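K.L.:
My structure file protein06.cif, mmCIF, C-alpha atoms, is below:
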```
data_input
#
loop_
_atom_site.label_atom_id
_atom_site.label_comp_id
_atom_site.auth_asym_id
_atom_site.auth_seq_id
_atom_site.Cartn_x
_atom_site.Cartn_y
_atom_site.Cartn_z
CA MET A 1 -26.07 0.65 -4.19
CA PHE A 2 -23.95 2.73 -6.55
CA LYS A 3 -23.59 6.41 -5.92
CA LYS A 4 -23.59 8.57 -9.02
CA TRP A 5 -21.56 11.73 -8.53
CA GLU A 6 -22.06 15.08 -10.18
CA GLY A 7 -21.04 15.22 -13.84
CA GLU A 8 -20.36 11.49 -14.03
CA GLN A 9 -21.75 9.32 -16.81
CA GLU A 10 -24.09 6.39 -16.38
CA TYR A 11 -21.63 3.91 -17.93
CA SER A 12 -24.45 1.92 -19.50
CA ARG A 13 -24.46 -0.75 -22.20
CA GLN A 14 -26.35 1.64 -24.47
CA GLU A 15 -23.68 4.30 -24.05
CA LEU A 16 -20.93 1.80 -24.88
CA ILE A 17 -22.80 0.45 -27.92
CA GLY A 18 -23.42 4.01 -29.08
CA GLU A 19 -19.69 4.74 -28.98
CA LEU A 20 -18.96 1.59 -31.01
CA GLU A 21 -21.51 2.66 -33.63
CA ASP A 22 -19.95 6.12 -33.66
CA MET A 23 -16.55 4.58 -34.45
CA LEU A 24 -18.02 2.60 -37.36
CA LYS A 25 -19.57 5.79 -38.72
CA TYR A 26 -16.24 7.58 -38.32
CA VAL A 27 -14.47 4.92 -40.41
CA GLU A 28 -17.13 5.08 -43.14
CA ASP A 29 -17.01 8.88 -43.25
CA ALA A 30 -13.21 8.85 -43.35
CA HIS A 31 -13.37 6.58 -46.40
CA LYS A 32 -15.83 8.87 -48.17
CA GLN A 33 -13.70 11.91 -47.41
CA ARG A 34 -10.51 10.13 -48.57
CA GLN A 35 -8.66 10.93 -45.38
CA CYS A 36 -5.01 9.96 -44.92
CA ALA A 37 -4.37 6.59 -43.30
CA HIS A 38 -2.33 8.01 -40.41
CA GLU A 39 -5.12 10.49 -39.57
CA VAL A 40 -7.72 7.72 -39.51
CA GLU A 41 -5.38 5.54 -37.45
CA GLU A 42 -5.07 8.32 -34.86
CA GLY A 43 -8.83 8.91 -34.85
CA ILE A 44 -9.61 5.23 -34.36
CA PHE A 45 -7.11 4.96 -31.51
CA ARG A 46 -8.68 7.90 -29.66
CA LYS A 47 -12.09 6.31 -30.04
CA VAL A 48 -10.72 2.97 -28.81
CA LEU A 49 -9.53 4.76 -25.66
CA GLU A 50 -12.98 6.25 -25.17
CA ILE A 51 -14.60 2.85 -25.66
CA GLY A 52 -12.18 1.42 -23.11
CA ARG A 53 -13.07 4.16 -20.64
CA LEU A 54 -16.77 3.45 -21.01
CA ALA A 55 -16.22 -0.32 -20.75
CA LEU A 56 -14.15 -0.03 -17.57
CA GLY A 57 -16.67 2.41 -16.13
CA LEU A 58 -19.44 -0.09 -16.88
CA PHE A 59 -17.42 -2.76 -15.10
CA PHE A 60 -17.11 -0.60 -11.98
CA ARG A 61 -20.82 0.22 -12.15
CA LEU A 62 -21.70 -3.48 -12.28
CA CYS A 63 -19.47 -4.13 -9.25
CA GLY A 64 -21.42 -1.53 -7.25
CA ASP A 65 -20.35 -0.60 -3.74
CA ALA A 66 -19.76 -4.20 -2.54
CA ASP A 67 -22.08 -3.94 0.45
CA GLN A 68 -21.78 -7.08 2.61
CA GLY A 69 -24.42 -6.24 5.19
CA GLU A 70 -24.63 -4.15 8.31
CA ARG A 71 -22.07 -6.22 10.23
CA LEU A 72 -19.48 -8.83 9.38
CA VAL A 73 -16.71 -10.81 11.05
CA LEU A 74 -13.15 -10.44 9.75
CA ALA A 75 -10.69 -13.32 9.35
CA ASN A 76 -9.12 -12.46 12.71
CA GLY A 77 -12.50 -12.94 14.42
CA LYS A 78 -13.15 -9.24 15.03
CA GLU A 79 -16.65 -7.95 14.27
CA VAL A 80 -16.93 -4.67 12.39
CA ARG A 81 -19.91 -2.64 11.24
CA ARG A 82 -20.75 -0.86 8.04
CA LEU A 83 -20.06 2.84 8.29
CA LYS A 84 -22.87 5.20 7.39
CA GLU A 85 -21.34 7.01 4.41
CA LEU A 86 -19.91 5.61 1.20
CA HIS A 87 -16.20 6.39 0.97
CA LYS A 88 -14.63 7.65 -2.24
CA ARG A 89 -11.32 6.56 -3.72
CA GLU A 90 -9.68 7.46 -7.01
CA TYR A 91 -8.57 4.89 -9.55
CA PHE A 92 -6.19 6.18 -12.23
CA SER A 93 -6.30 3.72 -15.12
CA ILE A 94 -4.81 3.74 -18.63
CA PHE A 95 -8.23 5.08 -19.71
CA GLY A 96 -8.20 7.97 -17.25
CA LEU A 97 -9.36 8.76 -13.74
CA PHE A 98 -12.35 7.09 -12.05
CA GLU A 99 -13.96 7.84 -8.70
CA LEU A 100 -15.26 4.80 -6.85
CA TYR A 101 -17.80 5.09 -4.04
CA ARG A 102 -17.79 1.99 -1.87
CA VAL A 103 -18.92 0.57 1.46
CA VAL A 104 -16.30 0.43 4.21
CA TYR A 105 -16.27 -1.28 7.59
CA GLY A 106 -14.80 -0.29 10.92
CA SER A 107 -15.69 0.62 14.47
CA ARG A 108 -16.97 4.17 13.78
CA GLU A 109 -16.50 7.15 11.50
CA LYS A 110 -13.13 8.95 11.59
CA GLN A 111 -11.49 5.83 13.01
CA LYS A 112 -9.26 3.52 11.00
CA ILE A 113 -11.09 1.70 8.22
CA GLN A 114 -10.59 -2.03 8.75
CA TRP A 115 -12.18 -3.62 5.70
CA VAL A 116 -13.11 -2.44 2.19
CA PRO A 117 -14.83 -5.29 0.32
CA LEU A 118 -14.64 -3.69 -3.14
CA ASP A 119 -10.90 -3.03 -2.84
CA ALA A 120 -10.33 -6.65 -1.82
CA GLN A 121 -12.69 -8.03 -4.46
CA LEU A 122 -10.98 -6.15 -7.29
CA SER A 123 -7.41 -6.34 -5.86
CA LEU A 124 -7.11 -2.58 -6.09
CA PRO A 125 -3.66 -1.08 -5.44
CA GLU A 126 -2.85 0.89 -2.33
CA SER A 127 -2.21 4.01 -4.39
CA LYS A 128 -4.67 5.46 -6.90
CA PHE A 129 -2.58 4.32 -9.90
CA SER A 130 -3.68 1.03 -11.47
CA TYR A 131 -1.21 -1.82 -11.52
CA LEU A 132 -1.24 -1.80 -15.34
CA LEU A 133 -0.43 1.91 -15.51
CA GLN A 134 2.32 1.45 -12.91
CA ASP A 135 3.75 -1.41 -14.96
CA TRP A 136 3.87 0.68 -18.14
CA ASP A 137 5.27 3.71 -16.32
CA GLN A 138 8.10 1.80 -14.69
CA ASP A 139 8.97 -0.21 -17.80
CA MET A 140 9.68 3.10 -19.52
CA ALA A 141 11.37 4.61 -16.44
CA VAL A 142 14.06 1.93 -16.68
CA ASP A 143 15.40 3.56 -19.84
CA GLY A 144 14.57 7.25 -19.45
CA PRO A 145 13.97 10.13 -17.01
CA PHE A 146 10.58 10.42 -15.34
CA ASP A 147 9.66 13.61 -17.20
CA GLN A 148 10.14 11.83 -20.54
CA VAL A 149 7.95 8.96 -19.31
CA ASN A 150 5.23 11.48 -18.49
CA GLU A 151 5.54 13.12 -21.92
CA LEU A 152 5.28 9.79 -23.73
CA ILE A 153 2.27 8.58 -21.70
CA GLN A 154 0.57 11.92 -22.29
CA LYS A 155 1.20 11.69 -26.03
CA ILE A 156 -0.21 8.15 -26.24
CA LEU A 157 -2.98 8.05 -23.63
CA GLY A 158 -3.91 11.72 -23.49
CA PHE A 159 -3.30 12.47 -19.80
CA GLY A 160 -0.32 13.51 -17.71
CA GLN A 161 1.19 12.34 -14.44
CA SER A 162 3.46 14.37 -12.22
CA VAL A 163 7.13 13.49 -12.00
CA ASN A 164 6.73 13.31 -8.20
CA SER A 165 4.02 10.67 -8.60
CA LEU A 166 6.24 8.59 -10.87
CA GLU A 167 9.12 8.86 -8.40
CA ARG A 168 6.95 7.85 -5.43
CA MET A 169 5.60 4.95 -7.47
CA ASN A 170 9.17 3.83 -8.19
CA ARG A 171 10.20 4.01 -4.54
CA LYS A 172 7.08 2.13 -3.45
CA MET A 173 7.66 -0.65 -5.98
CA SER A 174 11.27 -0.99 -4.84
CA GLN A 175 10.03 -2.05 -1.40
CA SER A 176 8.72 -5.28 -2.97
CA VAL A 177 12.08 -6.39 -4.38
CA GLU A 178 12.93 -8.85 -1.63
CA GLU A 179 9.42 -10.32 -1.67
CA PHE A 180 9.65 -10.66 -5.45
CA TRP A 181 12.94 -12.52 -5.30
CA ALA A 182 11.68 -14.74 -2.50
CA GLN A 183 8.88 -16.06 -4.73
CA GLU A 184 11.00 -16.37 -7.88
CA THR A 185 11.06 -19.95 -9.14
CA ALA A 186 13.47 -21.78 -11.42
CA PRO A 187 12.41 -23.50 -14.65
CA GLY A 188 11.67 -27.22 -14.49
CA ALA A 189 14.66 -29.55 -14.72
CA GLU A 190 13.50 -30.77 -18.14
CA GLU A 191 13.55 -27.18 -19.47
CA GLU A 192 17.05 -26.27 -18.24
CA GLY A 193 20.09 -26.08 -20.50
CA ALA A 194 23.20 -28.23 -20.16
CA LEU A 195 25.43 -25.40 -18.82
CA MET A 196 24.96 -23.33 -15.65
CA VAL A 197 26.30 -19.82 -16.29
CA VAL A 198 26.95 -17.12 -13.70
CA GLN A 199 28.09 -13.55 -14.39
CA ALA A 200 28.91 -10.45 -12.36
CA ASP A 201 29.92 -6.95 -13.35
CA GLY A 202 30.02 -3.40 -12.07
CA LYS A 203 27.74 -0.78 -13.60
CA GLY A 204 27.94 2.97 -13.08
CA VAL A 205 24.60 4.52 -12.09
CA VAL A 206 24.05 8.28 -12.27
CA MET A 207 22.71 9.53 -8.95
CA ARG A 208 20.24 12.35 -8.48
CA PRO A 209 21.28 14.99 -5.92
CA GLU A 210 19.46 14.74 -2.59
CA THR A 211 19.16 18.48 -2.03
CA ASN A 212 16.59 20.67 -3.70
CA THR A 213 17.06 24.33 -2.88
CA PRO A 214 16.31 27.55 -4.80
CA GLU A 215 20.06 28.02 -5.31
CA LYS A 216 20.53 24.47 -6.55
CA PRO A 217 17.25 22.96 -7.74
CA SER A 218 16.99 19.24 -8.23
CA VAL A 219 16.68 18.32 -11.90
CA PRO A 220 15.98 15.03 -13.66
CA VAL A 221 19.19 13.12 -14.31
CA PRO A 222 19.61 10.91 -17.39
CA HIS A 223 19.91 7.18 -16.81
CA ALA A 224 23.26 5.47 -17.19
CA ARG A 225 22.27 4.06 -20.57
CA GLU A 226 22.18 7.53 -22.10
CA LYS A 227 25.19 9.45 -23.42
CA LYS A 228 28.02 9.77 -20.93
CA ASP A 229 28.79 13.38 -21.77
CA LYS A 230 29.57 15.27 -18.55
CA GLU A 231 27.07 17.98 -19.36
CA GLU A 232 24.28 15.40 -19.47
CA LYS A 233 25.14 13.49 -16.32
CA GLY A 234 23.92 16.13 -13.91
CA GLY A 235 25.19 14.16 -10.89
CA LYS A 236 27.80 11.77 -9.58
CA LYS A 237 27.85 8.08 -10.30
CA LYS A 238 27.76 5.18 -7.89
CA MET A 239 28.88 1.72 -8.85
CA ALA A 240 26.21 -0.96 -8.71
CA LEU A 241 27.03 -4.65 -8.75
CA VAL A 242 25.01 -6.68 -11.23
CA GLY A 243 24.78 -10.46 -11.28
CA SER A 244 23.02 -12.88 -13.59
CA ALA A 245 22.41 -16.62 -13.62
CA TYR A 246 20.95 -18.84 -16.34
CA THR A 247 21.32 -22.17 -18.07
CA VAL A 248 21.99 -22.68 -21.76
CA ASP A 249 22.91 -25.44 -24.16
CA PRO A 250 26.44 -25.52 -25.64
CA TYR A 251 27.16 -23.70 -28.90
CA MET A 252 29.91 -25.86 -30.34
CA ARG A 253 32.55 -24.07 -32.44
CA THR A 254 36.22 -24.44 -33.27
CA PRO A 255 38.68 -21.61 -32.51
CA GLU A 256 38.74 -20.86 -36.23
CA GLN A 257 34.97 -20.48 -36.28
CA VAL A 258 35.10 -18.09 -33.33
CA LEU A 259 37.64 -15.89 -35.13
CA GLU A 260 35.62 -16.10 -38.31
CA ALA A 261 32.53 -14.94 -36.44
CA LEU A 262 34.43 -11.92 -35.09
CA PHE A 263 35.66 -10.74 -38.47
CA ARG A 264 33.08 -12.07 -40.90
CA ASP A 265 31.40 -9.58 -43.21
CA ALA A 266 27.72 -10.27 -42.61
CA ARG A 267 26.81 -8.54 -45.85
CA LYS A 268 28.68 -11.09 -47.93
CA GLU A 269 27.98 -14.31 -46.12
CA GLY A 270 24.90 -16.14 -44.91
CA GLN A 271 23.69 -16.07 -41.34
CA PRO A 272 25.36 -18.53 -38.92
CA PRO A 273 23.20 -21.16 -37.24
CA PRO A 274 21.10 -19.77 -34.39
CA ARG A 275 22.66 -19.73 -30.94
CA PRO A 276 20.91 -21.61 -28.12
CA LYS A 277 18.78 -19.22 -26.05
CA PRO A 278 19.40 -18.75 -22.30
CA VAL A 279 16.82 -20.41 -20.07
CA GLY A 280 15.44 -18.66 -17.00
CA LYS A 281 17.92 -15.77 -17.06
CA HIS A 282 17.63 -13.95 -13.74
CA VAL A 283 19.38 -10.59 -13.31
CA ARG A 284 19.81 -8.77 -10.02
CA ALA A 285 21.60 -5.55 -9.03
CA SER A 286 22.59 -3.94 -5.74
CA LEU A 287 23.70 -0.45 -4.67
CA LEU A 288 24.16 -1.29 -0.98
CA ARG A 289 27.01 0.31 0.97
CA ASP A 290 28.37 -0.21 4.49
CA SER A 291 29.16 2.51 7.02
CA ASN A 292 32.54 3.08 5.36
CA GLY A 293 30.98 3.53 1.94
CA THR A 294 32.40 0.29 0.52
CA MET A 295 30.48 -2.11 -1.70
CA ARG A 296 30.94 -5.11 0.59
CA PRO A 297 27.17 -5.46 1.26
CA SER A 298 26.53 -5.46 -2.49
CA TYR A 299 29.11 -8.20 -3.02
CA ASP A 300 27.59 -10.22 -0.19
CA GLU A 301 24.09 -9.79 -1.61
CA ILE A 302 24.85 -10.52 -5.29
CA PHE A 303 27.33 -13.37 -4.85
CA GLY A 304 25.23 -14.84 -2.03
CA TRP A 305 22.23 -14.78 -4.36
CA LEU A 306 24.27 -16.36 -7.19
CA ARG A 307 25.25 -19.16 -4.83
CA GLN A 308 21.58 -19.75 -4.02
CA GLU A 309 20.75 -19.86 -7.74
CA VAL A 310 23.43 -22.48 -8.31
CA LYS A 311 22.20 -24.59 -5.37
CA LEU A 312 18.67 -24.42 -6.72
CA ARG A 313 19.40 -25.06 -10.40
CA ASN A 314 22.56 -27.15 -10.29
CA PRO A 315 22.32 -28.87 -6.90
CA ASP A 316 24.44 -31.89 -7.74
CA GLY A 317 27.07 -29.84 -9.58
CA LYS A 318 26.88 -32.03 -12.67
CA LYS A 319 26.34 -29.14 -15.08
CA PRO A 320 29.57 -27.43 -16.22
CA MET A 321 29.65 -23.91 -14.80
CA PRO A 322 31.20 -21.15 -16.93
CA CYS A 323 31.71 -17.91 -15.01
CA VAL A 324 32.02 -14.80 -17.18
CA MET A 325 33.50 -11.64 -15.62
CA ASP A 326 35.95 -8.90 -16.52
CA GLY A 327 39.37 -8.49 -14.93
CA GLN A 328 38.30 -6.67 -11.76
CA ASP A 329 40.17 -8.36 -8.89
CA THR A 330 37.39 -7.93 -6.33
CA LEU A 331 34.97 -9.89 -8.52
CA TRP A 332 37.26 -12.92 -8.69
CA ALA A 333 38.03 -12.65 -4.96
CA ALA A 334 34.30 -12.73 -4.20
CA LEU A 335 33.86 -15.68 -6.54
CA SER A 336 36.52 -17.63 -4.62
CA LYS A 337 34.85 -16.74 -1.33
CA TYR A 338 31.34 -17.83 -2.27
CA PHE A 339 32.18 -20.73 -4.60
CA PRO A 340 35.26 -22.27 -2.93
CA ASN A 341 34.61 -25.90 -3.75
CA LEU A 342 32.96 -25.74 -7.15
CA ASN A 343 34.75 -26.57 -10.36
CA LEU A 344 34.02 -23.35 -12.20
CA ILE A 345 35.17 -22.55 -15.73
CA PRO A 346 36.51 -18.98 -15.49
CA ILE A 347 36.05 -16.91 -18.65
CA LEU A 348 37.63 -13.48 -18.90
CA ASP A 349 35.29 -11.04 -20.58
CA ILE A 350 37.50 -8.66 -22.54
#
```
Go ahead and express the file in the form of structure tokens.
P.N.:
Amino acid sequence: MFKKWEGEQEYSRQELIGELEDMLKYVEDAHKQRQCAHEVEEGIFRKVLEIGRLALGLFFRLCGDADQGERLVLANGKEVRRLKELHKREYFSIFGLFELYRVVYGSREKQKIQWVPLDAQLSLPESKFSYLLQDWDQDMAVDGPFDQVNELIQKILGFGQSVNSLERMNRKMSQSVEEFWAQETAPGAEEEGALMVVQADGKGVVMRPETNTPEKPSVPVPHAREKKDKEEKGGKKKMALVGSAYTVDPYMRTPEQVLEALFRDARKEGQPPPRPKPVGKHVRASLLRDSNGTMRPSYDEIFGWLRQEVKLRNPDGKKPMPCVMDGQDTLWAALSKYFPNLNLIPILDI
């Protein structure tokens, strides 16, 4: 049983095939009219988005409302019954917004819904935003303010998202960090490089003000990777501690070759042999503070995690272990605390 709502399309095979034929006609007409390539490229892309919308809509239509009968027994042994009305949820995909009407189970209407077969069958997210859209949004949010992410998505996909939605999405995803790290696995022993490298460094992060009043409205703050001009910061910085761990094969060079690489004119000479690529490079950052505002929890978290990485990927200590850090005393003190008995190769990053 699939409930068709007012103004919604059928999402049929014929409708999808018709849109494909329309795109072919568009290309043929564009050729006859000698249109510019970039105009045709834009037109084709918009039609591809429409085809994608129809195809995803057809997929949802084929899935139906996921009715599993009048009553069913959950995994915990509790019996629930099918509620009388279909319940609507929104699904915001890269092709636009869909409304899904599906069967839900519980004890009675207006009580907590205990099972939604369609949501489970399709692994739908808790929020209305699809996992793919969330992934794209947050990939871009790493390097730019949320309002710029919204502008770019709107330019490409043709719809907007509120900055508040993007911020809530970011906060929600951050709750999964510990779970993500808990399931992170190391590459197989046969894939690992000959050296086990650990690094740590401090990174200034521009903070957004907490308050938002008419006298002092909250405004988007550029990320730390943008220009450091005071007028663009818009807020104070906090120091985050960043750690990384990976393995890599040696890149053998003489001191003379190192100096030559630093001062060589790449325009006049050929390219040097390729450097070995890092294997399984994991990077983690922390902004934790204790009650006194110090970074001790961040040091405990990052260096404790680095120690776990070493135990996992270099358990017998046979791999040489370069440690690359700058001259900050607290970094080296933490290294001595968490790696007291390992024969590290300290490298000062200047």
K.L.:
Given the choices A:Met173, A:Gln68, A:Pro346, A:Gln33, which gets closest to Asp135 in chain A if the distance is worked out from only C-alpha atoms?
P.N.:
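Closest to Asp135 in chain A, using only C-alpha atoms: A:Met173.
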K.L.:
For range 274-281 of chain A, list every protein, DNA or RNA residue within 9 Å, evaluated using only C-alpha atoms, and leave out those in the same chain fewer than 4 positions away; present the list as a list in words.
P.N.:
Ala186, Pro187, Glu191, Glu192, Gly193, Ser244, Ala245, Tyr246, Thr247, Val248, Asp249, Pro250 and Tyr251 of chain A
K.L.:
Counting only C-alpha atoms, what are the residues of range 37-106 of chain A within 7 Å of range 12-22 of chain A, and for each of them which pair of atoms is the nearest and at what distance in Å, to one decimal? Sort the table by chain and rising number, as CSV.
P.N.:
```
residue,atom,partner,partner_atom,distance
A:Ile51,CA,A:Glu19,CA,6.4
A:Leu54,CA,A:Leu16,CA,5.9
A:Ala55,CA,A:Leu16,CA,6.6
A:Leu58,CA,A:Ser12,CA,6.0
```
K.L.:
What's the 12 Å shell around Ser130 in chain A, counting all atoms listed in the file, without same-chain residues fewer than 4 positions away, as an NGL selection string?
P.N.:
:A and (90-98 or 119 or 122-126 or 134-137 or 169)
K.L.:
Assuming the chain letters and numbering stay as they are in my file, what does the PyMOL selection byres ((chain A and resi 78) around 12) actually select? List them as a list in words.
P.N.:
Arg71, Leu72, Val73, Leu74, Ala75, Asn76, Gly77, Glu79, Val80, Arg81, Tyr105, Gly106, Ser107, Gln114 and Trp115 of chain A
K.L.:
At a cut-off of 10 Å, using only C-alpha atoms, what residues contact Leu287 in chain A? Leave out same-chain residues fewer than 6 positions from it and give the result as a list in words.
P.N.:
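Within the cut-off, the hits are Lys203, Val205, Lys238, Met239, Ala240, Leu241, Val242, Met295, Pro297, Ser298, Tyr299 and Glu301 of chain A.
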K.L.:
The PyMOL selection byres ((chain A and resi 185) around 12) - which residues does that actually catch in the file I just gave you? List them as a PyMOL selection string.
P.N.:
chain A and resi 180-184+186-189+280-282+308-309+312-313
K.L.:
Running the PyMOL selection byres ((chain A and resi 159) around 10) on this model by hand, what would come out? Give it as a PDB file with C-alpha atoms, keeping the file's coordinate frame.
P.N.:
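Produced file part25.pdb, reproduced below:
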```
ATOM      1  CA  ILE A  94      -4.810   3.740 -18.630  1.00  0.00           C
ATOM      2  CA  PHE A  95      -8.230   5.080 -19.710  1.00  0.00           C
ATOM      3  CA  GLY A  96      -8.200   7.970 -17.250  1.00  0.00           C
ATOM      4  CA  LEU A  97      -9.360   8.760 -13.740  1.00  0.00           C
ATOM      5  CA  ASN A 150       5.230  11.480 -18.490  1.00  0.00           C
ATOM      6  CA  GLU A 151       5.540  13.120 -21.920  1.00  0.00           C
ATOM      7  CA  LEU A 152       5.280   9.790 -23.730  1.00  0.00           C
ATOM      8  CA  ILE A 153       2.270   8.580 -21.700  1.00  0.00           C
ATOM      9  CA  GLN A 154       0.570  11.920 -22.290  1.00  0.00           C
ATOM     10  CA  LYS A 155       1.200  11.690 -26.030  1.00  0.00           C
ATOM     11  CA  ILE A 156      -0.210   8.150 -26.240  1.00  0.00           C
ATOM     12  CA  LEU A 157      -2.980   8.050 -23.630  1.00  0.00           C
ATOM     13  CA  GLY A 158      -3.910  11.720 -23.490  1.00  0.00           C
ATOM     14  CA  GLY A 160      -0.320  13.510 -17.710  1.00  0.00           C
ATOM     15  CA  GLN A 161       1.190  12.340 -14.440  1.00  0.00           C
TER      16      GLN A 161
END
```
K.L.:
I'd like the interatomic distance between CA of Tyr338 in chain A and CA of Asn314 in chain A, to a tenth of an Å.
P.N.:
15.1 Å
K.L.:
In terms of the shortest atom-to-atom distance over all atoms listed in the file, which of A:Arg284, A:Val197, A:Asp290, A:Glu167 is closest to Val310 in chain A?
P.N.:
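Smallest separation from Val310 in chain A among the options: A:Val197.
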K.L.:
How many Å lie between CA of Leu100 in chain A and CA of Lys88 in chain A, rounded to one decimal?
P.N.:
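Taking CA of Leu100 in chain A as the start and CA of Lys88 in chain A as the end point, the length is 5.5 Å.
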K.L.:
Go through A:Met207, A:Met252, A:Leu259, A:Val324 and flag the residue nearest Lys237 in chain A, using only C-alpha atoms for the distances.
P.N.:
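For Lys237 in chain A, the nearest of the given residues is A:Met207.
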K.L.:
Rounded to one decimal, what separation in Å do you get between CA of Arg307 in chain A and CA of Thr330 in chain A?
P.N.:
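Distance between the two atoms: 16.6 Å.
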K.L.:
Here is a test: counting all atoms listed in the file, which residue of A:Val104, A:Ala261, A:Leu133, A:Val27 is nearest to Glu39 in chain A?
P.N.:
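The answer is A:Val27, which sits nearest to Glu39 in chain A.
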K.L.:
Ranking A:Arg82, A:Lys128, A:Lys47, A:Arg89 by minimum distance to Arg108 in chain A and counting only C-alpha atoms, which one comes first?
P.N.:
A:Arg82
